[in-house]
Structures are given as C-alpha cells and as structure tokens.
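The structure file coords34.pdb is reproduced below (PDB, C-alpha atoms).
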ATOM      1  CA  MET Z1429      27.142 -25.126  24.441
ATOM      2  CA  ASN Z1430      28.724 -26.989  21.500
ATOM      3  CA  ASN Z1431      28.622 -25.799  17.878
ATOM      4  CA  LEU Z1432      25.708 -28.050  16.938
ATOM      5  CA  ASP Z1433      23.622 -26.660  19.793
ATOM      6  CA  LYS Z1434      24.612 -23.108  18.841
ATOM      7  CA  LEU Z1435      23.526 -23.688  15.242
ATOM      8  CA  LYS Z1436      20.249 -25.238  16.356
ATOM      9  CA  LYS Z1437      19.702 -22.229  18.617
ATOM     10  CA  ALA Z1438      20.242 -19.878  15.637
ATOM     11  CA  PHE Z1439      17.677 -21.819  13.569
ATOM     12  CA  ASN Z1440      15.298 -21.974  16.517
ATOM     13  CA  GLU Z1441      15.440 -18.220  17.108
ATOM     14  CA  ALA Z1442      15.288 -17.141  13.462
ATOM     15  CA  LEU Z1443      12.723 -19.609  12.144
ATOM     16  CA  GLU Z1444      10.862 -20.327  15.388
ATOM     17  CA  ILE Z1445      11.169 -24.029  14.786
ATOM     18  CA  PRO Z1446      11.196 -26.260  17.884
ATOM     19  CA  LEU Z1447      14.691 -27.607  18.613
ATOM     20  CA  GLU Z1448      13.521 -31.201  18.251
ATOM     21  CA  LYS Z1449      12.419 -30.500  14.648
ATOM     22  CA  ILE Z1450      15.798 -29.125  13.583
ATOM     23  CA  ASN Z1451      17.703 -31.790  11.672
ATOM     24  CA  ASP Z1452      19.627 -32.276   8.397
ATOM     25  CA  GLU Z1453      16.380 -32.687   6.431
ATOM     26  CA  LEU Z1454      15.154 -29.211   7.373
ATOM     27  CA  SER Z1455      15.321 -27.114   4.207
ATOM     28  CA  TYR Z1456      14.213 -23.796   2.710
ATOM     29  CA  GLY Z1457      10.497 -23.676   1.976
ATOM     30  CA  THR Z1458       9.480 -25.748   4.978
ATOM     31  CA  GLU Z1459       8.325 -24.571   8.386
ATOM     32  CA  ASN Z1460       7.905 -20.875   7.461
ATOM     33  CA  TRP Z1461      11.452 -20.610   6.117
ATOM     34  CA  ASP Z1462      10.951 -17.855   3.515
ATOM     35  CA  SER Z1463      13.079 -14.990   2.163
ATOM     36  CA  VAL Z1464      12.668 -12.715   5.194
ATOM     37  CA  ALA Z1465      13.167 -15.611   7.603
ATOM     38  CA  HIS Z1466      16.283 -16.544   5.639
ATOM     39  CA  LEU Z1467      17.751 -13.098   6.271
ATOM     40  CA  ALA Z1468      16.886 -13.450   9.945
ATOM     41  CA  LEU Z1469      18.634 -16.821   9.960
ATOM     42  CA  VAL Z1470      21.766 -15.390   8.366
ATOM     43  CA  ALA Z1471      21.777 -12.636  11.007
ATOM     44  CA  SER Z1472      21.337 -15.181  13.821
ATOM     45  CA  ILE Z1473      24.200 -17.348  12.550
ATOM     46  CA  GLU Z1474      26.516 -14.353  12.138
ATOM     47  CA  ILE Z1475      25.774 -13.224  15.686
ATOM     48  CA  GLU Z1476      25.933 -16.700  17.210
ATOM     49  CA  PHE Z1477      29.306 -17.577  15.649
ATOM     50  CA  ASP Z1478      30.707 -14.037  15.258
ATOM     51  CA  ILE Z1479      31.402 -14.451  11.535
ATOM     52  CA  MET Z1480      30.558 -12.544   8.332
ATOM     53  CA  LEU Z1481      28.914 -14.733   5.701
ATOM     54  CA  THR Z1482      29.328 -14.051   1.974
ATOM     55  CA  SER Z1483      26.569 -13.741  -0.635
ATOM     56  CA  ASN Z1484      27.499 -17.192  -1.927
ATOM     57  CA  ASP Z1485      27.045 -18.578   1.581
ATOM     58  CA  VAL Z1486      23.626 -16.924   1.836
ATOM     59  CA  ILE Z1487      22.329 -18.424  -1.410
ATOM     60  CA  ASP Z1488      23.881 -21.841  -0.726
ATOM     61  CA  MET Z1489      22.456 -22.160   2.788
ATOM     62  CA  SER Z1490      19.360 -24.024   1.651
ATOM     63  CA  SER Z1491      19.183 -26.544   4.506
ATOM     64  CA  PHE Z1492      20.425 -27.224   8.025
ATOM     65  CA  LYS Z1493      22.896 -29.718   6.546
ATOM     66  CA  LYS Z1494      24.221 -27.098   4.083
ATOM     67  CA  ALA Z1495      24.557 -24.584   6.923
ATOM     68  CA  LYS Z1496      26.877 -27.001   8.737
ATOM     69  CA  GLU Z1497      28.962 -27.492   5.580
ATOM     70  CA  ILE Z1498      29.262 -23.730   5.067
ATOM     71  CA  LEU Z1499      30.309 -23.122   8.661
ATOM     72  CA  GLU Z1500      33.067 -25.732   8.308
ATOM     73  CA  LYS Z1501      34.728 -23.218   5.930
ATOM     74  CA  TYR Z1502      34.978 -20.847   8.886
ATOM     75  CA  ASP Z1503      36.695 -23.514  11.031
ATOM     76  CA  ILE Z1504      33.480 -24.201  12.878
ATOM     77  CA  HIS Z1505      33.277 -27.954  13.216
ATOM     78  CA  PHE Z1506      30.407 -30.262  14.081
TER      79      PHE Z1506
ATOM     80  CA  MET T 420     -11.606  -1.165 -23.891
ATOM     81  CA  ILE T 421      -8.173  -0.269 -25.291
ATOM     82  CA  ASP T 422      -7.182  -2.867 -27.869
ATOM     83  CA  ASN T 423      -4.215  -1.363 -29.717
ATOM     84  CA  LEU T 424      -1.686  -1.866 -26.978
ATOM     85  CA  ILE T 425       2.000  -2.430 -27.690
ATOM     86  CA  PHE T 426       3.707  -5.047 -25.518
ATOM     87  CA  ARG T 427       7.447  -5.305 -24.991
ATOM     88  CA  LYS T 428       9.967  -6.617 -22.502
ATOM     89  CA  ALA T 429      11.122  -4.059 -19.903
ATOM     90  CA  ASN T 430      14.560  -2.467 -20.187
ATOM     91  CA  ASP T 431      16.623   0.033 -18.192
ATOM     92  CA  ASP T 432      14.467   2.932 -19.438
ATOM     93  CA  ASP T 433      11.445   1.363 -17.721
ATOM     94  CA  ILE T 434      12.959   1.097 -14.255
ATOM     95  CA  GLU T 435      11.032   4.052 -12.783
ATOM     96  CA  PHE T 436       7.751   2.589 -14.060
ATOM     97  CA  VAL T 437       8.599  -0.889 -12.780
ATOM     98  CA  ILE T 438       9.468   0.602  -9.365
ATOM     99  CA  GLU T 439       6.070   2.340  -9.383
ATOM    100  CA  ALA T 440       4.474  -1.050 -10.108
ATOM    101  CA  ILE T 441       6.350  -2.813  -7.292
ATOM    102  CA  ILE T 442       5.512  -0.087  -4.771
ATOM    103  CA  GLU T 443       1.813  -0.014  -5.731
ATOM    104  CA  SER T 444       1.701  -3.800  -5.676
ATOM    105  CA  GLU T 445       3.122  -3.831  -2.148
ATOM    106  CA  LYS T 446       0.605  -1.200  -1.084
ATOM    107  CA  SER T 447      -2.227  -3.295  -2.544
ATOM    108  CA  GLY T 448      -4.668  -0.409  -2.353
ATOM    109  CA  SER T 449      -3.416   0.779   1.055
ATOM    110  CA  ASP T 450      -0.767   3.362   1.996
ATOM    111  CA  MET T 451       1.640   0.811   3.475
ATOM    112  CA  VAL T 452       4.784  -0.457   1.743
ATOM    113  CA  SER T 453       5.510  -3.723   3.545
ATOM    114  CA  SER T 454       9.217  -3.844   2.696
ATOM    115  CA  CYS T 455       9.691  -0.410   4.292
ATOM    116  CA  LYS T 456       8.042  -1.616   7.498
ATOM    117  CA  ILE T 457       9.933  -4.920   7.602
ATOM    118  CA  PHE T 458      13.370  -3.494   6.825
ATOM    119  CA  ASN T 459      12.790  -0.115   8.469
ATOM    120  CA  PHE T 460      13.536   2.240   5.628
ATOM    121  CA  THR T 461      11.706   5.085   3.900
ATOM    122  CA  GLU T 462       9.870   4.738   0.602
ATOM    123  CA  ASN T 463      12.598   6.788  -1.109
ATOM    124  CA  GLU T 464      15.333   4.545   0.324
ATOM    125  CA  PHE T 465      13.391   1.522  -0.909
ATOM    126  CA  LYS T 466      13.043   3.057  -4.378
ATOM    127  CA  ASN T 467      16.799   3.710  -4.558
ATOM    128  CA  ILE T 468      17.583   0.131  -3.509
ATOM    129  CA  LEU T 469      15.092  -1.207  -6.052
ATOM    130  CA  LYS T 470      16.718   0.876  -8.775
ATOM    131  CA  GLU T 471      20.142  -0.604  -8.055
ATOM    132  CA  ILE T 472      18.727  -4.122  -7.843
ATOM    133  CA  LEU T 473      16.666  -3.871 -11.053
ATOM    134  CA  LEU T 474      19.685  -2.563 -12.969
ATOM    135  CA  GLN T 475      21.445  -5.857 -12.193
ATOM    136  CA  ASP T 476      18.632  -7.725 -14.009
ATOM    137  CA  ILE T 477      19.103 -10.874 -11.914
ATOM    138  CA  PRO T 478      16.745 -13.671 -13.085
ATOM    139  CA  ASN T 479      14.516 -16.144 -11.237
ATOM    140  CA  TYR T 480      12.742 -13.889  -8.737
ATOM    141  CA  ASP T 481      10.294 -11.014  -8.570
ATOM    142  CA  TYR T 482      12.754  -8.118  -9.046
ATOM    143  CA  TYR T 483      13.899  -9.487 -12.438
ATOM    144  CA  LEU T 484      13.630  -6.481 -14.742
ATOM    145  CA  SER T 485      13.565  -8.490 -17.982
ATOM    146  CA  GLY T 486      10.687 -10.546 -16.591
ATOM    147  CA  PHE T 487       8.426  -7.486 -16.658
ATOM    148  CA  LEU T 488       6.242  -7.014 -19.711
ATOM    149  CA  ILE T 489       5.371  -3.382 -20.438
ATOM    150  CA  ALA T 490       2.081  -2.360 -22.067
ATOM    151  CA  GLU T 491       2.209   0.920 -23.959
ATOM    152  CA  PHE T 492      -0.602   3.031 -25.370
ATOM    153  CA  ASN T 493       0.223   5.980 -27.637
ATOM    154  CA  GLY T 494       3.827   5.883 -26.401
ATOM    155  CA  GLU T 495       2.812   5.932 -22.719
ATOM    156  CA  LYS T 496       3.633   3.100 -20.321
ATOM    157  CA  ILE T 497       0.282   2.173 -18.807
ATOM    158  CA  GLY T 498       0.603  -1.341 -17.407
ATOM    159  CA  THR T 499       3.006  -4.109 -16.483
ATOM    160  CA  VAL T 500       3.404  -7.427 -14.701
ATOM    161  CA  GLY T 501       6.581  -9.217 -13.626
ATOM    162  CA  SER T 502       7.310 -12.886 -14.299
ATOM    163  CA  TRP T 503       9.814 -15.654 -13.653
ATOM    164  CA  LEU T 504       9.962 -19.425 -13.652
ATOM    165  CA  GLU T 505      10.172 -20.634 -10.050
ATOM    166  CA  ALA T 506      13.472 -22.319  -9.164
ATOM    167  CA  ALA T 507      14.449 -22.474 -12.845
ATOM    168  CA  ASP T 508      18.067 -23.102 -11.835
ATOM    169  CA  GLY T 509      17.170 -25.095  -8.723
ATOM    170  CA  THR T 510      17.264 -22.143  -6.316
ATOM    171  CA  ALA T 511      13.959 -20.945  -4.847
ATOM    172  CA  SER T 512      13.068 -17.335  -5.702
ATOM    173  CA  GLY T 513      12.943 -16.501  -2.002
ATOM    174  CA  MET T 514      16.571 -17.562  -1.615
ATOM    175  CA  VAL T 515      17.554 -15.414  -4.590
ATOM    176  CA  LYS T 516      15.681 -12.445  -3.114
ATOM    177  CA  ALA T 517      17.237 -12.930   0.331
ATOM    178  CA  THR T 518      20.711 -13.025  -1.204
ATOM    179  CA  VAL T 519      20.131  -9.895  -3.292
ATOM    180  CA  LEU T 520      18.719  -8.051  -0.278
ATOM    181  CA  PHE T 521      21.676  -9.245   1.808
ATOM    182  CA  GLN T 522      23.976  -7.594  -0.743
ATOM    183  CA  TYR T 523      22.057  -4.329  -0.920
ATOM    184  CA  LEU T 524      20.738  -3.800   2.595
ATOM    185  CA  GLY T 525      24.106  -4.153   4.265
ATOM    186  CA  ALA T 526      24.868  -6.183   7.376
ATOM    187  CA  ALA T 527      23.824  -3.535   9.894
ATOM    188  CA  LYS T 528      20.410  -3.047   8.297
ATOM    189  CA  PHE T 529      19.452  -6.659   7.890
ATOM    190  CA  LYS T 530      20.356  -7.550  11.470
ATOM    191  CA  GLU T 531      17.439  -5.300  12.509
ATOM    192  CA  ILE T 532      14.906  -7.575  10.838
ATOM    193  CA  ASN T 533      15.369 -10.409  13.282
ATOM    194  CA  LYS T 534      13.020  -8.890  15.810
ATOM    195  CA  ASN T 535      10.421  -8.144  13.098
ATOM    196  CA  THR T 536      10.094 -11.584  11.564
ATOM    197  CA  LYS T 537       8.231 -13.620  14.156
ATOM    198  CA  VAL T 538       4.727 -12.529  13.192
ATOM    199  CA  ILE T 539       5.527 -12.089   9.474
ATOM    200  CA  LYS T 540       6.326 -15.756   8.960
ATOM    201  CA  GLY T 541       2.674 -16.625   9.513
ATOM    202  CA  LEU T 542       1.891 -15.345   6.008
ATOM    203  CA  THR T 543       4.539 -17.450   4.256
ATOM    204  CA  LEU T 544       3.284 -19.264   1.151
ATOM    205  CA  ASN T 545       5.513 -21.434  -1.012
ATOM    206  CA  ARG T 546       5.630 -21.380  -4.780
ATOM    207  CA  GLU T 547       5.844 -24.564  -6.833
ATOM    208  CA  PRO T 548       9.154 -25.116  -8.666
ATOM    209  CA  GLY T 549       8.980 -25.207 -12.457
ATOM    210  CA  ASN T 550       5.872 -23.065 -12.727
ATOM    211  CA  LEU T 551       5.428 -19.523 -14.003
ATOM    212  CA  GLN T 552       5.051 -16.837 -11.350
ATOM    213  CA  LEU T 553       3.377 -13.498 -12.088
ATOM    214  CA  GLU T 554       3.747 -10.659  -9.580
ATOM    215  CA  HIS T 555       3.530  -6.877  -9.322
ATOM    216  CA  GLY T 556       0.700  -6.474 -11.826
ATOM    217  CA  TYR T 557      -0.062  -2.788 -12.210
ATOM    218  CA  THR T 558      -2.149  -0.455 -14.366
ATOM    219  CA  LYS T 559      -1.919   3.336 -14.214
ATOM    220  CA  GLU T 560      -4.992   4.657 -12.447
ATOM    221  CA  LYS T 561      -6.552   6.534 -15.380
ATOM    222  CA  PHE T 562      -6.391   3.373 -17.543
ATOM    223  CA  ARG T 563      -8.031   0.998 -15.060
ATOM    224  CA  ARG T 564     -11.283  -0.886 -15.744
ATOM    225  CA  GLN T 565     -10.372  -1.124 -19.442
ATOM    226  CA  GLY T 566      -8.963  -4.658 -19.490
ATOM    227  CA  ILE T 567      -5.282  -3.662 -19.372
ATOM    228  CA  PHE T 568      -4.468  -5.924 -16.399
ATOM    229  CA  THR T 569      -6.094  -8.923 -18.091
ATOM    230  CA  ASN T 570      -4.320  -8.239 -21.380
ATOM    231  CA  VAL T 571      -0.871  -7.802 -19.867
ATOM    232  CA  ILE T 572      -1.246 -11.015 -17.843
ATOM    233  CA  LYS T 573      -2.402 -13.016 -20.870
ATOM    234  CA  ARG T 574       0.356 -11.602 -23.058
ATOM    235  CA  ASN T 575       3.051 -12.269 -20.436
ATOM    236  CA  ILE T 576       1.933 -15.903 -20.186
ATOM    237  CA  LYS T 577       2.003 -16.239 -23.993
ATOM    238  CA  GLU T 578       5.505 -14.764 -24.174
ATOM    239  CA  ASN T 579       6.770 -17.137 -21.477
ATOM    240  CA  LEU T 580       5.181 -20.149 -23.188
ATOM    241  CA  GLN T 581       7.422 -19.471 -26.182
ATOM    242  CA  HIS T 582      10.525 -20.064 -24.044
ATOM    243  CA  HIS T 583       9.497 -22.313 -21.144
ATOM    244  CA  ASN T 584       7.402 -25.354 -20.372
ATOM    245  CA  PHE T 585       5.082 -24.987 -17.398
ATOM    246  CA  SER T 586       1.693 -26.350 -16.439
ATOM    247  CA  LYS T 587       0.584 -23.721 -13.922
ATOM    248  CA  VAL T 588       0.759 -19.986 -13.407
ATOM    249  CA  GLN T 589       0.897 -18.850  -9.785
ATOM    250  CA  GLY T 590       0.662 -15.601  -7.867
ATOM    251  CA  ILE T 591       0.591 -14.577  -4.203
ATOM    252  CA  LEU T 592      -1.622 -11.683  -3.178
ATOM    253  CA  PHE T 593      -3.712 -10.227  -0.385
ATOM    254  CA  ASN T 594      -7.240 -11.525  -0.838
ATOM    255  CA  GLU T 595      -8.526  -8.389   0.890
ATOM    256  CA  ASN T 596      -7.184  -6.404  -2.055
ATOM    257  CA  TYR T 597     -10.568  -7.063  -3.615
ATOM    258  CA  LYS T 598      -9.946  -5.477  -7.027
ATOM    259  CA  SER T 599      -6.835  -7.544  -7.663
ATOM    260  CA  PHE T 600      -8.358 -10.688  -6.141
ATOM    261  CA  LYS T 601     -11.483 -10.423  -8.317
ATOM    262  CA  ALA T 602      -9.406  -9.724 -11.431
ATOM    263  CA  HIS T 603      -7.455 -12.943 -10.807
ATOM    264  CA  LEU T 604     -10.662 -14.934 -10.299
ATOM    265  CA  LYS T 605     -12.058 -13.506 -13.539
ATOM    266  CA  LEU T 606      -8.962 -14.717 -15.395
ATOM    267  CA  GLY T 607      -9.602 -18.226 -14.088
ATOM    268  CA  TYR T 608      -7.238 -18.347 -11.125
ATOM    269  CA  ASN T 609      -8.223 -20.503  -8.150
ATOM    270  CA  VAL T 610      -7.207 -20.149  -4.510
ATOM    271  CA  ILE T 611      -4.857 -23.020  -3.647
ATOM    272  CA  GLU T 612      -3.846 -22.008  -0.142
ATOM    273  CA  GLU T 613      -4.657 -19.232   2.314
ATOM    274  CA  LYS T 614      -2.652 -18.019   5.305
ATOM    275  CA  LYS T 615      -4.123 -15.752   7.960
ATOM    276  CA  VAL T 616      -2.522 -14.260  11.067
ATOM    277  CA  GLU T 617      -4.893 -13.246  13.861
ATOM    278  CA  ASP T 618      -2.208 -11.399  15.876
ATOM    279  CA  PRO T 619      -2.913  -7.660  15.246
ATOM    280  CA  GLU T 620       0.867  -7.098  15.274
ATOM    281  CA  ILE T 621       0.862  -8.317  11.647
ATOM    282  CA  LEU T 622      -0.778  -5.052  10.578
ATOM    283  CA  LYS T 623       2.391  -3.189  11.556
ATOM    284  CA  TYR T 624       4.127  -4.884   8.619
ATOM    285  CA  PHE T 625       1.409  -5.709   6.119
ATOM    286  CA  PRO T 626      -1.735  -3.824   5.060
ATOM    287  CA  TYR T 627      -3.880  -6.954   5.556
ATOM    288  CA  ASN T 628      -3.650 -10.080   7.691
ATOM    289  CA  SER T 629      -4.248 -12.764   5.062
ATOM    290  CA  LYS T 630      -2.614 -13.848   1.821
ATOM    291  CA  VAL T 631      -3.518 -16.389  -0.804
ATOM    292  CA  LEU T 632      -1.575 -18.490  -3.285
ATOM    293  CA  MET T 633      -3.595 -18.447  -6.504
ATOM    294  CA  GLU T 634      -3.128 -20.716  -9.476
ATOM    295  CA  LEU T 635      -4.136 -20.778 -13.105
ATOM    296  CA  SER T 636      -4.132 -24.234 -14.647
ATOM    297  CA  GLU T 637      -2.987 -25.096 -18.166
ATOM    298  CA  GLU T 638      -6.540 -25.640 -19.371
ATOM    299  CA  ASN T 639      -7.317 -22.059 -18.360
ATOM    300  CA  PHE T 640      -4.360 -20.390 -20.036
ATOM    301  CA  GLN T 641      -3.805 -22.516 -23.161
ATOM    302  CA  ASN T 642      -6.470 -20.577 -25.060
ATOM    303  CA  PHE T 643      -5.287 -17.111 -24.087
TER     304      PHE T 643
END

Show this structure as structure tokens.
Amino acid sequence: MNNLDKLKKAFNEALEIPLEKINDELSYGTENWDSVAHLALVASIEIEFDIMLTSNDVIDMSSFKKAKEILEKYDIHF
Amino acid sequence: MIDNLIFRKANDDDIEFVIEAIIESEKSGSDMVSSCKIFNFTENEFKNILKEILLQDIPNYDYYLSGFLIAEFNGEKIGTVGSWLEAADGTASGMVKATVLFQYLGAAKFKEINKNTKVIKGLTLNREPGNLQLEHGYTKEKFRRQGIFTNVIKRNIKENLQHHNFSKVQGILFNENYKSFKAHLKLGYNVIEEKKVEDPEILKYFPYNSKVLMELSEENFQNF
C-alpha cells in the first residue's frame, strides 16, 4: 500500500467517508468531520504512519490536502 | 423575577462555577456527562482537565473562560452562558477544541476514542463562521424560573455586539432537553437543522439521540 492509500485509509476509518469521496477538497466541517472525529483522525494517522503529531499539526490539519503537506514534514511523501 | 442582577465577564475566580455550568450543560437534565463517556474518564478527571484548560483562556471555542458572562445576585454567582465568535481567526471552534483536548488528554487517552466515534458522528452539526455562538447556559437550581437564563443570554449578546459584527446567534442543544429547548424558542430562536441517530448505541455516549442547531436572527436580538 502506498502512502496516499494509507492516508486515505486513515481518513476512511476515522471519518467513515467512502474512499472514493476522499480527495484534496475534503475539509473540516464536511462529512461528519467534527472535533471528536478530528481526534480520531489524528489517532488513525499516528497509528498508520507510526509518527507523533504536534499540536500545531493537529490545528493545521484542516483538509486532506493539508494532511498531505503536514506529513511531508515527517518525510512521508505522496 | 430578579431584576437587580450584576453582570460581568468571568475570570479565574469563577472557574469552579463555569465548570459546574459546563458539566450541567453536558448533562442536559440527565445524569450523563457525554465527554466522560466519549473519552472514558470520570467526572472528577473531567473537572480537573477543564480547570487546566479554562485557566489557559484560549479564545474562539466553547471552553473560552473570558467568553462566559457571570450573573451575580447579592454577591452570589447564579447564572452564566459562554460565548465566542465562530472561526473568528479562520479556524473552526471544533478544530480549536480538538487541538486543546489533544494537548490535555495525552496520546494514550485520545487513541481510545477511535472506537467510540462511529455512532457519535451522526449528531454532528456545523456552526456558521462569523456568527456568535452561545453555549453552556446555566442557572443555579434555586434561581430557575425567574428569567435569569433569558437575561444572561440577552446581556451576553449585547456585550458581544459592542466588540463584534454578527448577524446571527447560534447554539447547539438536545431538543429533548425540553426546558432549555423551550427557553430558546421563547427568546426567538428557530431550529435550523436537526440530527437524529436511531442506533441505540448513541445513548451510551449522549443522554438523548437528537440534537438541533438553533439560530436567533438579527431582527430578534437587535432590540434586546
């Protein structure tokens, strides 16, 4: 599984959004992505990529596109 | 009707009272504190976390201490309601709350929530950026049915109008919390959106299975 698929899997599991609906336009506030779901998403990403996100990462991760940009900082490329 | 109330912005000395308001607001007339069920901690643990969070006085979400307006009668704190302007700095209040909880819950704790969130998401309602949000309205039991809730809401809106421009006031509540729901209707709020979850699993995390986003339009609050 490549990194893009792993990230989509994390979003799919945490937000229960179908894989085909996960794209760069997906952002906080849509598709049941609320504060609790956001914490679930952070947990899923940390587990999926075996990283520890910072508070700044958590507040900046407002979309699927932003999540990819943040993960680039951890040498996870898409 | 008590009419000689003193209103003032909350400060560190009000934290215990504000915590009482948040807990009672979460209970919404039941015995269940949703946050304790979702994050799997005791009411005392939740109170201690709230205390630390409120002391930080972080703006733009519902645990913003300075957003609470305190109503006092004869030196006693008898009512309050919290307020903030949604996404005032471009970040949704839910994102702010998630980040604060991330800091205070600790990694081990918040990883537990993943398995709890599936059914909870069905009650998600989104607030409109740029508009005033009022949450955690609370009146001490012996002072209820005397117009305190109405007064503290009206006064909080007035105070916010002095500093911010907004055209709507919003709040999210359980519509089965009849007393609160009726009080909002009486103030002029309307139901904008309702979410209901039929899966009985929802009642493990929330006292009721439906929530509403209510809204007060400018024409309703401009004469407060």

Hits of the PyMOL selection byres ((chain Z) within 9 of (chain T)) in this structure, as a PyMOL selection string: chain Z and resi 1441-1444+1456-1458+1460-1472+1475+1480+1482-1490

Shell around Z:Glu1448 at 12 Å using all atoms listed in the file, local window under 4 positions removed, as a ChimeraX atom specification: /Z:1433,1436-1437,1439-1440,1444,1452,1454

Residues near T:Asn570, cut-off 9 Å, all atoms listed in the file, skip fewer than 6 positions along chain, as a PyMOL selection string: chain T and resi 422+424+490

Test item: residues at most 8 Å from Z:Glu1453, all atoms listed in the file, excluding those fewer than 5 positions along its chain, as a ChimeraX atom specification: /Z:1491-1493

Limited to C-alpha atoms, could you put the picked residues into a file as a PDB file, in the frame of the given file?
ATOM      1  CA  SER Z1491      19.183 -26.544   4.506  1.00  0.00           C
ATOM      2  CA  PHE Z1492      20.425 -27.224   8.025  1.00  0.00           C
ATOM      3  CA  LYS Z1493      22.896 -29.718   6.546  1.00  0.00           C
TER       4      LYS Z1493
END

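Note that the spacing between atom CA of T:Gly566 and atom CA of T:Thr499 amounts to 12.4 Å.
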
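Minimum atom-to-atom distance to T:Phe625, evaluated using all atoms listed in the file, belongs to T:Asn596 out of T:Asn575, T:Ser485, T:Asn596, T:Thr558.
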
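Here the question is which of T:Ile421, T:Gln641, T:Val571, T:Val538 gets nearest to T:Lys615 using all atoms listed in the file, and that residue is T:Val538.
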
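Under the PyMOL selection byres ((chain T and resi 437) around 9), the matching residues in the shown file are T:Ala429, T:Asp433, T:Ile434, T:Glu435, T:Phe436, T:Ile438, T:Glu439, T:Ala440, T:Ile441, T:Ile442, T:Leu473, T:Leu484, T:Phe487, T:Ile489, T:Thr499, T:Val500, T:Gly501, T:His555, T:Tyr557.
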
Interatomic distance (Å, one decimal) between atom CA of T:Val588 and atom CA of T:Arg427: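 We find that atom CA of T:Val588 and atom CA of T:Arg427 lie 19.9 Å from each other.
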
For atom CA of T:Asn423 and atom CA of T:Ala602, the interatomic separation in Å (one decimal): 20.8 Å

Test item: residues at most 10 Å from T:Glu634, all atoms listed in the file, excluding those fewer than 2 positions along its chain, as a VMD selection string: chain T and resid 546 550 to 552 587 to 591 603 to 604 607 to 612 631 to 632 636 to 637 639

Top pick for closest residue to T:Lys605, considering T:Asp508, T:Glu554, T:Thr569, T:Thr461 and counting all atoms listed in the file: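 Once distances to T:Lys605 are computed over all atoms listed in the file, the minimum belongs to T:Thr569.
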
Selection: 8 Å around Z:Glu1476, all atoms listed in the file, excl. self and same-chain fewer than 6 positions, as a list of chain:residue names: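 Close residues of Z:Glu1476: Z:Lys1434, Z:Leu1435, Z:Ala1438.
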
Apply the PyMOL selection byres ((chain Z and resi 1505) around 12) to the file shown and report the selected residues as a PDB file with C-alpha atoms, in the frame of the given file.
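Written output follows (part_6.pdb):
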ATOM      1  CA  ASN Z1430      28.724 -26.989  21.500  1.00  0.00           C
ATOM      2  CA  ASN Z1431      28.622 -25.799  17.878  1.00  0.00           C
ATOM      3  CA  LEU Z1432      25.708 -28.050  16.938  1.00  0.00           C
ATOM      4  CA  ASP Z1433      23.622 -26.660  19.793  1.00  0.00           C
ATOM      5  CA  LYS Z1434      24.612 -23.108  18.841  1.00  0.00           C
ATOM      6  CA  LEU Z1435      23.526 -23.688  15.242  1.00  0.00           C
ATOM      7  CA  PHE Z1477      29.306 -17.577  15.649  1.00  0.00           C
ATOM      8  CA  ALA Z1495      24.557 -24.584   6.923  1.00  0.00           C
ATOM      9  CA  LYS Z1496      26.877 -27.001   8.737  1.00  0.00           C
ATOM     10  CA  GLU Z1497      28.962 -27.492   5.580  1.00  0.00           C
ATOM     11  CA  ILE Z1498      29.262 -23.730   5.067  1.00  0.00           C
ATOM     12  CA  LEU Z1499      30.309 -23.122   8.661  1.00  0.00           C
ATOM     13  CA  GLU Z1500      33.067 -25.732   8.308  1.00  0.00           C
ATOM     14  CA  LYS Z1501      34.728 -23.218   5.930  1.00  0.00           C
ATOM     15  CA  TYR Z1502      34.978 -20.847   8.886  1.00  0.00           C
ATOM     16  CA  ASP Z1503      36.695 -23.514  11.031  1.00  0.00           C
ATOM     17  CA  ILE Z1504      33.480 -24.201  12.878  1.00  0.00           C
ATOM     18  CA  PHE Z1506      30.407 -30.262  14.081  1.00  0.00           C
TER      19      PHE Z1506
END
